[in-house]
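This is data_18.pdb. It holds PDB, C-alpha atoms, pLDDT in the B column.
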ATOM      1  CA  MET I   1      73.788  92.021  79.566  1.00 68.00           C
ATOM      2  CA  PHE I   2      72.595  93.214  83.006  1.00 79.00           C
ATOM      3  CA  GLU I   3      69.019  92.029  82.460  1.00 84.00           C
ATOM      4  CA  ARG I   4      70.161  88.529  83.347  1.00 92.00           C
ATOM      5  CA  PHE I   5      71.654  89.667  86.648  1.00 95.00           C
ATOM      6  CA  THR I   6      69.775  88.979  89.880  1.00 95.00           C
ATOM      7  CA  LYS I   7      68.883  91.982  92.025  1.00 94.00           C
ATOM      8  CA  PRO I   8      71.772  91.383  94.489  1.00 94.00           C
ATOM      9  CA  ALA I   9      74.180  91.034  91.545  1.00 96.00           C
ATOM     10  CA  ARG I  10      72.971  94.253  89.943  1.00 96.00           C
ATOM     11  CA  ASP I  11      73.152  96.029  93.289  1.00 95.00           C
ATOM     12  CA  ALA I  12      76.712  94.803  93.677  1.00 96.00           C
ATOM     13  CA  VAL I  13      77.735  96.291  90.333  1.00 96.00           C
ATOM     14  CA  THR I  14      76.207  99.609  91.390  1.00 95.00           C
ATOM     15  CA  ALA I  15      77.884  99.370  94.790  1.00 96.00           C
ATOM     16  CA  ALA I  16      81.256  98.720  93.126  1.00 97.00           C
ATOM     17  CA  GLN I  17      81.012 102.161  91.542  1.00 95.00           C
ATOM     18  CA  THR I  18      80.207 103.710  94.920  1.00 93.00           C
ATOM     19  CA  TYR I  19      83.187 101.974  96.539  1.00 93.00           C
ATOM     20  CA  ALA I  20      85.559 103.073  93.790  1.00 91.00           C
ATOM     21  CA  ALA I  21      84.378 106.660  94.258  1.00 87.00           C
ATOM     22  CA  GLU I  22      84.595 106.431  98.048  1.00 85.00           C
ATOM     23  CA  LEU I  23      88.147 105.173  97.874  1.00 83.00           C
ATOM     24  CA  GLY I  24      89.031 107.946  95.446  1.00 75.00           C
ATOM     25  CA  HIS I  25      89.907 105.523  92.643  1.00 80.00           C
ATOM     26  CA  ASP I  26      89.309 106.623  89.086  1.00 77.00           C
ATOM     27  CA  ARG I  27      88.300 103.213  87.713  1.00 86.00           C
ATOM     28  CA  ILE I  28      85.914 100.512  88.867  1.00 94.00           C
ATOM     29  CA  GLY I  29      88.123  97.479  89.140  1.00 95.00           C
ATOM     30  CA  ASP I  30      87.371  93.823  89.720  1.00 97.00           C
ATOM     31  CA  ASP I  31      88.633  94.488  93.241  1.00 97.00           C
ATOM     32  CA  HIS I  32      85.778  96.951  93.785  1.00 97.00           C
ATOM     33  CA  LEU I  33      83.379  94.308  92.482  1.00 97.00           C
ATOM     34  CA  LEU I  34      84.867  91.949  95.048  1.00 98.00           C
ATOM     35  CA  LEU I  35      84.342  94.486  97.821  1.00 97.00           C
ATOM     36  CA  ALA I  36      80.773  94.982  96.616  1.00 97.00           C
ATOM     37  CA  VAL I  37      79.836  91.288  96.578  1.00 97.00           C
ATOM     38  CA  GLY I  38      81.668  90.801  99.876  1.00 96.00           C
ATOM     39  CA  SER I  39      79.619  93.619 101.382  1.00 95.00           C
ATOM     40  CA  SER I  40      76.249  92.485 100.034  1.00 92.00           C
ATOM     41  CA  THR I  41      74.933  91.050 103.278  1.00 88.00           C
ATOM     42  CA  GLY I  42      73.177  87.739 102.922  1.00 87.00           C
ATOM     43  CA  SER I  43      74.258  87.104  99.334  1.00 90.00           C
ATOM     44  CA  SER I  44      75.717  83.708  98.546  1.00 90.00           C
ATOM     45  CA  ALA I  45      79.037  85.275  97.556  1.00 94.00           C
ATOM     46  CA  ALA I  46      79.290  87.191 100.834  1.00 94.00           C
ATOM     47  CA  ARG I  47      78.463  84.007 102.771  1.00 94.00           C
ATOM     48  CA  ALA I  48      81.117  82.033 100.910  1.00 95.00           C
ATOM     49  CA  LEU I  49      83.653  84.787 101.547  1.00 96.00           C
ATOM     50  CA  ALA I  50      82.716  84.941 105.231  1.00 95.00           C
ATOM     51  CA  ASP I  51      83.204  81.172 105.461  1.00 93.00           C
ATOM     52  CA  ALA I  52      86.631  81.674 103.904  1.00 94.00           C
ATOM     53  CA  GLY I  53      87.397  84.190 106.670  1.00 94.00           C
ATOM     54  CA  VAL I  54      87.016  87.331 104.576  1.00 95.00           C
ATOM     55  CA  ASP I  55      84.905  90.280 105.663  1.00 92.00           C
ATOM     56  CA  ALA I  56      84.160  93.629 104.051  1.00 93.00           C
ATOM     57  CA  ALA I  57      86.490  95.582 106.342  1.00 91.00           C
ATOM     58  CA  GLY I  58      89.401  93.277 105.563  1.00 92.00           C
ATOM     59  CA  LEU I  59      88.736  93.523 101.845  1.00 94.00           C
ATOM     60  CA  ARG I  60      88.551  97.279 101.947  1.00 92.00           C
ATOM     61  CA  ALA I  61      91.830  97.572 103.851  1.00 86.00           C
ATOM     62  CA  GLU I  62      93.571  95.194 101.446  1.00 89.00           C
ATOM     63  CA  ILE I  63      92.295  97.086  98.400  1.00 91.00           C
ATOM     64  CA  GLU I  64      93.468 100.399  99.830  1.00 82.00           C
ATOM     65  CA  ARG I  65      96.833  98.843 100.599  1.00 76.00           C
ATOM     66  CA  ALA I  66      97.171  97.382  97.105  1.00 82.00           C
ATOM     67  CA  HIS I  67      96.347 100.696  95.494  1.00 79.00           C
ATOM     68  CA  GLY I  68      98.953 102.314  97.712  1.00 67.00           C
ATOM     69  CA  ARG I  69      96.730 105.277  97.931  1.00 66.00           C
ATOM     70  CA  LEU I  70      96.459 107.800 100.682  1.00 78.00           C
ATOM     71  CA  GLY I  71      93.136 107.518 102.405  1.00 71.00           C
ATOM     72  CA  ASN I  72      91.467 109.494 105.154  1.00 71.00           C
ATOM     73  CA  ASP I  73      93.146 107.301 107.758  1.00 76.00           C
ATOM     74  CA  ASP I  74      96.500 108.289 106.298  1.00 84.00           C
ATOM     75  CA  ALA I  75      95.546 111.957 106.470  1.00 87.00           C
ATOM     76  CA  ASP I  76      94.683 111.560 110.166  1.00 87.00           C
ATOM     77  CA  ALA I  77      97.917 109.696 110.881  1.00 88.00           C
ATOM     78  CA  LEU I  78      99.995 112.313 109.066  1.00 92.00           C
ATOM     79  CA  SER I  79      98.307 115.048 111.076  1.00 92.00           C
ATOM     80  CA  THR I  80      99.770 113.514 114.232  1.00 90.00           C
ATOM     81  CA  LEU I  81     103.181 114.327 112.751  1.00 91.00           C
ATOM     82  CA  GLY I  82     102.084 117.854 111.943  1.00 93.00           C
ATOM     83  CA  ILE I  83     101.767 117.097 108.231  1.00 94.00           C
ATOM     84  CA  ASP I  84      98.701 118.460 106.522  1.00 94.00           C
ATOM     85  CA  LEU I  85      98.026 116.022 103.680  1.00 91.00           C
ATOM     86  CA  ASP I  86      95.575 118.409 102.055  1.00 88.00           C
ATOM     87  CA  ALA I  87      98.269 121.092 101.970  1.00 92.00           C
ATOM     88  CA  VAL I  88     100.793 118.668 100.432  1.00 92.00           C
ATOM     89  CA  ARG I  89      98.197 117.542  97.931  1.00 86.00           C
ATOM     90  CA  SER I  90      97.251 121.047  96.836  1.00 87.00           C
ATOM     91  CA  LYS I  91     100.929 121.992  96.408  1.00 90.00           C
ATOM     92  CA  VAL I  92     101.488 118.960  94.188  1.00 89.00           C
ATOM     93  CA  GLU I  93      98.293 119.570  92.243  1.00 83.00           C
ATOM     94  CA  GLU I  94      99.339 123.157  91.519  1.00 88.00           C
ATOM     95  CA  THR I  95     102.068 121.713  89.325  1.00 87.00           C
ATOM     96  CA  PHE I  96     100.819 118.312  88.260  1.00 85.00           C
ATOM     97  CA  GLY I  97      97.071 118.688  88.169  1.00 79.00           C
ATOM     98  CA  ALA I  98      94.192 117.182  90.101  1.00 72.00           C
ATOM     99  CA  GLY I  99      94.671 113.717  91.526  1.00 70.00           C
ATOM    100  CA  ALA I 100      98.403 113.774  90.826  1.00 76.00           C
ATOM    101  CA  LEU I 101      99.343 112.394  94.210  1.00 78.00           C
ATOM    102  CA  GLY I 102      97.216 109.313  93.745  1.00 65.00           C
ATOM    103  CA  SER I 103      94.621 110.821  95.967  1.00 46.00           C
ATOM    104  CA  GLY I 104      92.618 108.516  98.166  1.00 40.00           C
ATOM    105  CA  LYS I 105      90.402 111.389  99.062  1.00 41.00           C
ATOM    106  CA  PRO I 106      86.823 110.813  98.051  1.00 42.00           C
ATOM    107  CA  ARG I 107      86.183 112.901  94.997  1.00 43.00           C
ATOM    108  CA  ARG I 108      82.814 114.463  94.694  1.00 43.00           C
ATOM    109  CA  ARG I 109      81.647 113.397  91.296  1.00 46.00           C
ATOM    110  CA  PHE I 110      77.956 114.013  91.402  1.00 47.00           C
ATOM    111  CA  GLY I 111      76.412 111.975  88.660  1.00 53.00           C
ATOM    112  CA  GLY I 112      79.936 111.357  87.457  1.00 65.00           C
ATOM    113  CA  HIS I 113      80.565 108.199  85.537  1.00 79.00           C
ATOM    114  CA  ILE I 114      83.536 106.062  86.525  1.00 87.00           C
ATOM    115  CA  PRO I 115      84.719 103.647  83.844  1.00 91.00           C
ATOM    116  CA  PHE I 116      85.339  99.950  84.448  1.00 94.00           C
ATOM    117  CA  THR I 117      88.820  98.517  84.181  1.00 92.00           C
ATOM    118  CA  LYS I 118      89.507  95.844  81.601  1.00 93.00           C
ATOM    119  CA  ASP I 119      89.563  93.192  84.322  1.00 95.00           C
ATOM    120  CA  ALA I 120      86.254  94.390  85.766  1.00 97.00           C
ATOM    121  CA  LYS I 121      84.637  94.009  82.334  1.00 96.00           C
ATOM    122  CA  LYS I 122      86.258  90.626  81.944  1.00 97.00           C
ATOM    123  CA  THR I 123      84.936  89.588  85.363  1.00 97.00           C
ATOM    124  CA  LEU I 124      81.377  90.518  84.374  1.00 97.00           C
ATOM    125  CA  GLU I 125      81.680  88.748  81.037  1.00 97.00           C
ATOM    126  CA  LEU I 126      83.057  85.645  82.686  1.00 97.00           C
ATOM    127  CA  SER I 127      80.280  85.735  85.288  1.00 97.00           C
ATOM    128  CA  LEU I 128      77.823  85.239  82.441  1.00 96.00           C
ATOM    129  CA  ARG I 129      79.908  82.386  81.114  1.00 96.00           C
ATOM    130  CA  GLU I 130      80.078  80.808  84.589  1.00 96.00           C
ATOM    131  CA  ALA I 131      76.288  80.969  84.889  1.00 96.00           C
ATOM    132  CA  ILE I 132      75.881  79.287  81.514  1.00 95.00           C
ATOM    133  CA  ARG I 133      78.477  76.669  82.390  1.00 95.00           C
ATOM    134  CA  LEU I 134      76.659  75.837  85.619  1.00 95.00           C
ATOM    135  CA  GLY I 135      73.287  75.766  83.863  1.00 94.00           C
ATOM    136  CA  ASP I 136      71.941  78.718  85.857  1.00 94.00           C
ATOM    137  CA  ARG I 137      69.379  80.984  84.234  1.00 93.00           C
ATOM    138  CA  SER I 138      70.423  84.163  85.972  1.00 94.00           C
ATOM    139  CA  ILE I 139      73.705  85.694  87.062  1.00 96.00           C
ATOM    140  CA  GLY I 140      74.056  85.982  90.825  1.00 95.00           C
ATOM    141  CA  THR I 141      76.759  87.308  93.111  1.00 96.00           C
ATOM    142  CA  GLU I 142      78.301  83.830  93.216  1.00 96.00           C
ATOM    143  CA  HIS I 143      78.787  83.942  89.444  1.00 97.00           C
ATOM    144  CA  ILE I 144      80.434  87.359  89.705  1.00 97.00           C
ATOM    145  CA  LEU I 145      82.800  85.939  92.280  1.00 97.00           C
ATOM    146  CA  LEU I 146      83.505  82.904  90.075  1.00 97.00           C
ATOM    147  CA  GLY I 147      84.171  85.214  87.131  1.00 97.00           C
ATOM    148  CA  LEU I 148      86.475  87.234  89.311  1.00 97.00           C
ATOM    149  CA  LEU I 149      88.465  84.175  90.347  1.00 97.00           C
ATOM    150  CA  ARG I 150      88.835  83.228  86.703  1.00 96.00           C
ATOM    151  CA  THR I 151      89.921  86.723  85.696  1.00 94.00           C
ATOM    152  CA  GLU I 152      92.891  86.531  88.055  1.00 91.00           C
ATOM    153  CA  GLY I 153      93.100  90.298  88.365  1.00 92.00           C
ATOM    154  CA  GLN I 154      93.358  92.546  91.373  1.00 92.00           C
ATOM    155  CA  GLY I 155      90.369  91.007  93.119  1.00 95.00           C
ATOM    156  CA  HIS I 156      91.944  87.578  92.928  1.00 95.00           C
ATOM    157  CA  ALA I 157      95.208  89.062  94.182  1.00 93.00           C
ATOM    158  CA  ALA I 158      93.399  90.645  97.139  1.00 94.00           C
ATOM    159  CA  LEU I 159      91.855  87.299  98.075  1.00 96.00           C
ATOM    160  CA  ARG I 160      95.227  85.625  97.815  1.00 93.00           C
ATOM    161  CA  ALA I 161      96.755  88.313 100.027  1.00 91.00           C
ATOM    162  CA  LEU I 162      94.030  87.596 102.583  1.00 94.00           C
ATOM    163  CA  GLY I 163      94.977  83.929 102.537  1.00 94.00           C
ATOM    164  CA  VAL I 164      91.950  82.597 100.658  1.00 95.00           C
ATOM    165  CA  ASP I 165      92.232  79.221  98.960  1.00 94.00           C
ATOM    166  CA  ALA I 166      90.795  80.088  95.538  1.00 94.00           C
ATOM    167  CA  ALA I 167      90.166  76.480  94.503  1.00 94.00           C
ATOM    168  CA  ALA I 168      88.241  75.750  97.707  1.00 94.00           C
ATOM    169  CA  LEU I 169      86.221  78.966  97.345  1.00 95.00           C
ATOM    170  CA  ARG I 170      85.395  78.058  93.749  1.00 95.00           C
ATOM    171  CA  ARG I 171      84.105  74.654  94.836  1.00 93.00           C
ATOM    172  CA  VAL I 172      81.879  76.210  97.511  1.00 93.00           C
ATOM    173  CA  LEU I 173      80.464  78.702  94.990  1.00 93.00           C
ATOM    174  CA  GLU I 174      79.800  76.076  92.358  1.00 91.00           C
ATOM    175  CA  HIS I 175      77.830  73.925  94.750  1.00 82.00           C
ATOM    176  CA  GLY I 176      76.111  76.587  96.811  1.00 68.00           C
ATOM    177  CA  GLU I 177      72.613  77.866  96.378  1.00 49.00           C
ATOM    178  CA  ALA I 178      71.894  80.851  94.173  1.00 43.00           C
ATOM    179  CA  ALA I 179      71.276  84.352  95.493  1.00 44.00           C
TER
ATOM    180  CA  MET P   1      93.374 117.872 117.306  1.00 45.00           C
ATOM    181  CA  THR P   2      92.621 121.538 117.781  1.00 48.00           C
ATOM    182  CA  ASP P   3      95.985 123.238 118.138  1.00 52.00           C
ATOM    183  CA  ALA P   4      99.711 122.824 117.736  1.00 56.00           C
ATOM    184  CA  LYS P   5     100.150 121.639 121.283  1.00 57.00           C
ATOM    185  CA  ASP P   6      97.742 118.752 120.777  1.00 55.00           C
ATOM    186  CA  LEU P   7      99.571 117.822 117.595  1.00 52.00           C
ATOM    187  CA  ALA P   8     102.922 117.834 119.333  1.00 55.00           C
ATOM    188  CA  GLU P   9     101.578 115.677 122.148  1.00 56.00           C
ATOM    189  CA  SER P  10     100.124 113.223 119.681  1.00 55.00           C
ATOM    190  CA  ALA P  11     103.339 113.022 117.666  1.00 56.00           C
ATOM    191  CA  ALA P  12     105.227 112.272 120.839  1.00 59.00           C
ATOM    192  CA  SER P  13     102.673 109.647 121.790  1.00 67.00           C
ATOM    193  CA  ALA P  14     104.155 106.482 123.209  1.00 75.00           C
ATOM    194  CA  ASP P  15     101.247 104.497 121.829  1.00 86.00           C
ATOM    195  CA  PRO P  16     102.778 102.253 119.171  1.00 88.00           C
ATOM    196  CA  ARG P  17      99.487 102.074 117.297  1.00 87.00           C
ATOM    197  CA  THR P  18      99.515 105.828 116.687  1.00 88.00           C
ATOM    198  CA  GLY P  19     103.204 106.014 115.966  1.00 88.00           C
ATOM    199  CA  LEU P  20     103.334 103.039 113.599  1.00 88.00           C
ATOM    200  CA  ARG P  21     100.264 104.221 111.709  1.00 85.00           C
ATOM    201  CA  ALA P  22     101.931 107.586 111.228  1.00 89.00           C
ATOM    202  CA  ALA P  23     105.083 105.901 109.919  1.00 90.00           C
ATOM    203  CA  LEU P  24     102.989 103.887 107.448  1.00 85.00           C
ATOM    204  CA  ALA P  25     101.164 106.982 106.228  1.00 88.00           C
ATOM    205  CA  LEU P  26     104.438 108.815 105.806  1.00 91.00           C
ATOM    206  CA  ARG P  27     105.845 105.961 103.728  1.00 89.00           C
ATOM    207  CA  ARG P  28     102.746 105.942 101.525  1.00 85.00           C
ATOM    208  CA  LEU P  29     103.075 109.668 101.036  1.00 91.00           C
ATOM    209  CA  ALA P  30     106.763 109.330 100.181  1.00 92.00           C
ATOM    210  CA  ASP P  31     106.011 106.501  97.728  1.00 88.00           C
ATOM    211  CA  SER P  32     103.308 108.541  95.990  1.00 87.00           C
ATOM    212  CA  LEU P  33     105.596 111.535  95.718  1.00 91.00           C
ATOM    213  CA  GLU P  34     108.481 109.453  94.402  1.00 93.00           C
ATOM    214  CA  ARG P  35     106.321 107.785  91.757  1.00 87.00           C
ATOM    215  CA  LEU P  36     104.973 111.120  90.582  1.00 89.00           C
ATOM    216  CA  GLN P  37     108.445 112.642  90.347  1.00 93.00           C
ATOM    217  CA  VAL P  38     109.987 109.662  88.574  1.00 93.00           C
ATOM    218  CA  VAL P  39     107.251 109.729  85.932  1.00 89.00           C
ATOM    219  CA  ASN P  40     107.752 113.468  85.534  1.00 92.00           C
ATOM    220  CA  ALA P  41     111.517 113.105  85.251  1.00 95.00           C
ATOM    221  CA  ARG P  42     111.165 110.474  82.534  1.00 94.00           C
ATOM    222  CA  ARG P  43     108.724 112.693  80.660  1.00 93.00           C
ATOM    223  CA  GLN P  44     111.334 115.423  80.779  1.00 96.00           C
ATOM    224  CA  GLY P  45     113.850 113.067  79.248  1.00 96.00           C
ATOM    225  CA  TRP P  46     115.866 112.133  82.310  1.00 97.00           C
ATOM    226  CA  ALA P  47     117.883 108.929  82.061  1.00 97.00           C
ATOM    227  CA  TRP P  48     117.229 106.159  84.601  1.00 97.00           C
ATOM    228  CA  GLN P  49     120.751 106.689  85.902  1.00 97.00           C
ATOM    229  CA  GLU P  50     120.109 110.370  86.602  1.00 97.00           C
ATOM    230  CA  ILE P  51     116.920 109.545  88.479  1.00 97.00           C
ATOM    231  CA  ALA P  52     118.722 106.820  90.413  1.00 97.00           C
ATOM    232  CA  ASP P  53     121.495 109.250  91.383  1.00 97.00           C
ATOM    233  CA  ALA P  54     118.962 111.808  92.591  1.00 97.00           C
ATOM    234  CA  LEU P  55     117.181 109.185  94.696  1.00 96.00           C
ATOM    235  CA  GLU P  56     120.484 107.717  95.870  1.00 96.00           C
ATOM    236  CA  VAL P  57     119.548 104.203  94.764  1.00 96.00           C
ATOM    237  CA  SER P  58     120.877 101.932  92.027  1.00 97.00           C
ATOM    238  CA  ARG P  59     119.773 102.360  88.425  1.00 96.00           C
ATOM    239  CA  GLN P  60     118.491  98.767  88.480  1.00 95.00           C
ATOM    240  CA  ALA P  61     116.338  99.417  91.540  1.00 94.00           C
ATOM    241  CA  VAL P  62     114.609 102.443  90.098  1.00 95.00           C
ATOM    242  CA  HIS P  63     114.217 100.891  86.661  1.00 93.00           C
ATOM    243  CA  LYS P  64     112.724  97.698  88.074  1.00 89.00           C
ATOM    244  CA  LYS P  65     110.277  99.631  90.212  1.00 87.00           C
ATOM    245  CA  TYR P  66     109.001 102.073  87.612  1.00 87.00           C
ATOM    246  CA  SER P  67     109.795 100.958  84.061  1.00 84.00           C
ATOM    247  CA  LYS P  68     106.431  99.229  83.695  1.00 68.00           C
ATOM    248  CA  GLU P  69     104.602 102.433  84.510  1.00 67.00           C
ATOM    249  CA  MET P  70     106.109 104.487  81.729  1.00 69.00           C
TER
END
Can you present the structure in this file as structure tokens?
Amino acid sequence: MFERFTKPARDAVTAAQTYAAELGHDRIGDDHLLLAVGSSTGSSAARALADAGVDAAGLRAEIERAHGRLGNDDADALSTLGIDLDAVRSKVEETFGAGALGSGKPRRRFGGHIPFTKDAKKTLELSLREAIRLGDRSIGTEHILLGLLRTEGQGHAALRALGVDAAALRRVLEHGEAA
Amino acid sequence: MTDAKDLAESAASADPRTGLRAALALRRLADSLERLQVVNARRQGWAWQEIADALEVSRQAVHKKYSKEM
């Protein structure tokens, strides 16, 4: 399937895995794909998102919020109260196993493979369908974003939370140039 | 943040940004802990009512929040 993806689109799929790992999430979701296309500087999807008022930092913060996970910023904030998040985490993990607390701590998984969520797979499948529908030969970041809007998963929810008009974004993507 | 004194000074900081961020982090931590313990309680056969009593909330509240995760 990926042979039809443009270089930026393929890079975005790879980046989605990196973002999921960085955020300490154990699945690559359509929200991580969104963060990846939104962060791929110069891509048509990133431009469309920027025009809609969405930047990578905002996306990242919204995704962390939606996952309700404890990130490094939370650890720093808790330390100002004298709470050592690592200590709390290791206590909990003694009983409930690794990652029990919904850890946002980046896990070192060298060469580790993180699976896609159902919605992430659906997003990629629908991106192919969007490309076909629009008569485009290859799948670009804009098609991933269109697939994501159609999937109506966590990525779509993140955009909605950031106040994006999905219908307007879809129109821009359908009529924009490929990248 | 090198010693206890620094920590204490930071906790007492009048800067709302620091204080509010700490409150948010604490709530996230509490939410994570609650979720984990509710799931564990259900696995151990606790009734929703027992969990609700322990958390001092209504049975409906706890059921609504967590039933989908079981």
Interface, chain I side, toward chain P (6 Å; all atoms listed in the file) as number ranges by chain: I: 74, 77-78, 80-81, 101
Go ahead and compute the interatomic distance for atom CA of Leu134 of chain I and atom CA of Gly163 of chain I, in Å to one decimal.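 Between atom CA of Leu134 of chain I and atom CA of Gly163 of chain I the gap is 26.2 Å.
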Write out as an MDAnalysis selection string each polymer residue whose atoms come within 12 Å of Gly140 of chain I, counting all atoms listed in the file; drop sequence neighbours fewer than 6 positions from it. chainID I and resid 2:13 37 40 43:46 124 127:132 134 146:147 173:174 176:179
Could you write out that same residue set with C-alpha atoms as a CSV table (one decimal), in the coordinates of the input?
chain,number,residue,atom,x,y,z
I,2,PHE,CA,72.6,93.2,83.0
I,3,GLU,CA,69.0,92.0,82.5
I,4,ARG,CA,70.2,88.5,83.3
I,5,PHE,CA,71.7,89.7,86.6
I,6,THR,CA,69.8,89.0,89.9
I,7,LYS,CA,68.9,92.0,92.0
I,8,PRO,CA,71.8,91.4,94.5
I,9,ALA,CA,74.2,91.0,91.5
I,10,ARG,CA,73.0,94.3,89.9
I,11,ASP,CA,73.2,96.0,93.3
I,12,ALA,CA,76.7,94.8,93.7
I,13,VAL,CA,77.7,96.3,90.3
I,37,VAL,CA,79.8,91.3,96.6
I,40,SER,CA,76.2,92.5,100.0
I,43,SER,CA,74.3,87.1,99.3
I,44,SER,CA,75.7,83.7,98.5
I,45,ALA,CA,79.0,85.3,97.6
I,46,ALA,CA,79.3,87.2,100.8
I,124,LEU,CA,81.4,90.5,84.4
I,127,SER,CA,80.3,85.7,85.3
I,128,LEU,CA,77.8,85.2,82.4
I,129,ARG,CA,79.9,82.4,81.1
I,130,GLU,CA,80.1,80.8,84.6
I,131,ALA,CA,76.3,81.0,84.9
I,132,ILE,CA,75.9,79.3,81.5
I,134,LEU,CA,76.7,75.8,85.6
I,146,LEU,CA,83.5,82.9,90.1
I,147,GLY,CA,84.2,85.2,87.1
I,173,LEU,CA,80.5,78.7,95.0
I,174,GLU,CA,79.8,76.1,92.4
I,176,GLY,CA,76.1,76.6,96.8
I,177,GLU,CA,72.6,77.9,96.4
I,178,ALA,CA,71.9,80.9,94.2
I,179,ALA,CA,71.3,84.4,95.5
Selection result of the PyMOL selection byres ((chain P and resi 49) around 10) on this file, as a PyMOL selection string: chain P and resi 46-48+50-55+57-60+62-63
Dump as a PDB file, in the frame of the given file, selection limited to C-alpha atoms:
ATOM      1  CA  TRP P  46     115.866 112.133  82.310  1.00 97.00           C
ATOM      2  CA  ALA P  47     117.883 108.929  82.061  1.00 97.00           C
ATOM      3  CA  TRP P  48     117.229 106.159  84.601  1.00 97.00           C
ATOM      4  CA  GLU P  50     120.109 110.370  86.602  1.00 97.00           C
ATOM      5  CA  ILE P  51     116.920 109.545  88.479  1.00 97.00           C
ATOM      6  CA  ALA P  52     118.722 106.820  90.413  1.00 97.00           C
ATOM      7  CA  ASP P  53     121.495 109.250  91.383  1.00 97.00           C
ATOM      8  CA  ALA P  54     118.962 111.808  92.591  1.00 97.00           C
ATOM      9  CA  LEU P  55     117.181 109.185  94.696  1.00 96.00           C
ATOM     10  CA  VAL P  57     119.548 104.203  94.764  1.00 96.00           C
ATOM     11  CA  SER P  58     120.877 101.932  92.027  1.00 97.00           C
ATOM     12  CA  ARG P  59     119.773 102.360  88.425  1.00 96.00           C
ATOM     13  CA  GLN P  60     118.491  98.767  88.480  1.00 95.00           C
ATOM     14  CA  VAL P  62     114.609 102.443  90.098  1.00 95.00           C
ATOM     15  CA  HIS P  63     114.217 100.891  86.661  1.00 93.00           C
TER      16      HIS P  63
END
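For the pair atom CA of Val164 of chain I and atom CA of Ala52 of chain I, the separation is 6.3 Å.
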Put a box with edges along x, y and z around all the listed atoms of segment 13-32 of chain P, pad it by 5 Å on each side, then give me its centre and sizes in Å, one decimal, as AutoDock Vina command-line options.
--center_x 103.1 --center_y 105.9 --center_z 109.6 --size_x 17.3 --size_y 17.6 --size_z 37.2
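Residue nearest Lys122 of chain I, chosen from I:Leu70, I:Leu35, I:Ala98, I:Leu149 and counting all atoms listed in the file: I:Leu149.
Atom CA of Leu34 of chain I lies 5.9 Å from atom CA of Gly155 of chain I.
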Taking the file as shown, what set of residues would the PyMOL selection byres ((chain I and resi 120) around 10) give back, as a list of chain:residue names?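 Expected selection for the PyMOL selection byres ((chain I and resi 120) around 10) here is I:Val13, I:Ala16, I:Arg27, I:Ile28, I:Gly29, I:Asp30, I:Asp31, I:His32, I:Leu33, I:Leu34, I:Pro115, I:Phe116, I:Thr117, I:Lys118, I:Asp119, I:Lys121, I:Lys122, I:Thr123, I:Leu124, I:Glu125, I:Leu126, I:Ile144, I:Gly147, I:Leu148, I:Thr151, I:Gly153, I:Gln154, I:Gly155.
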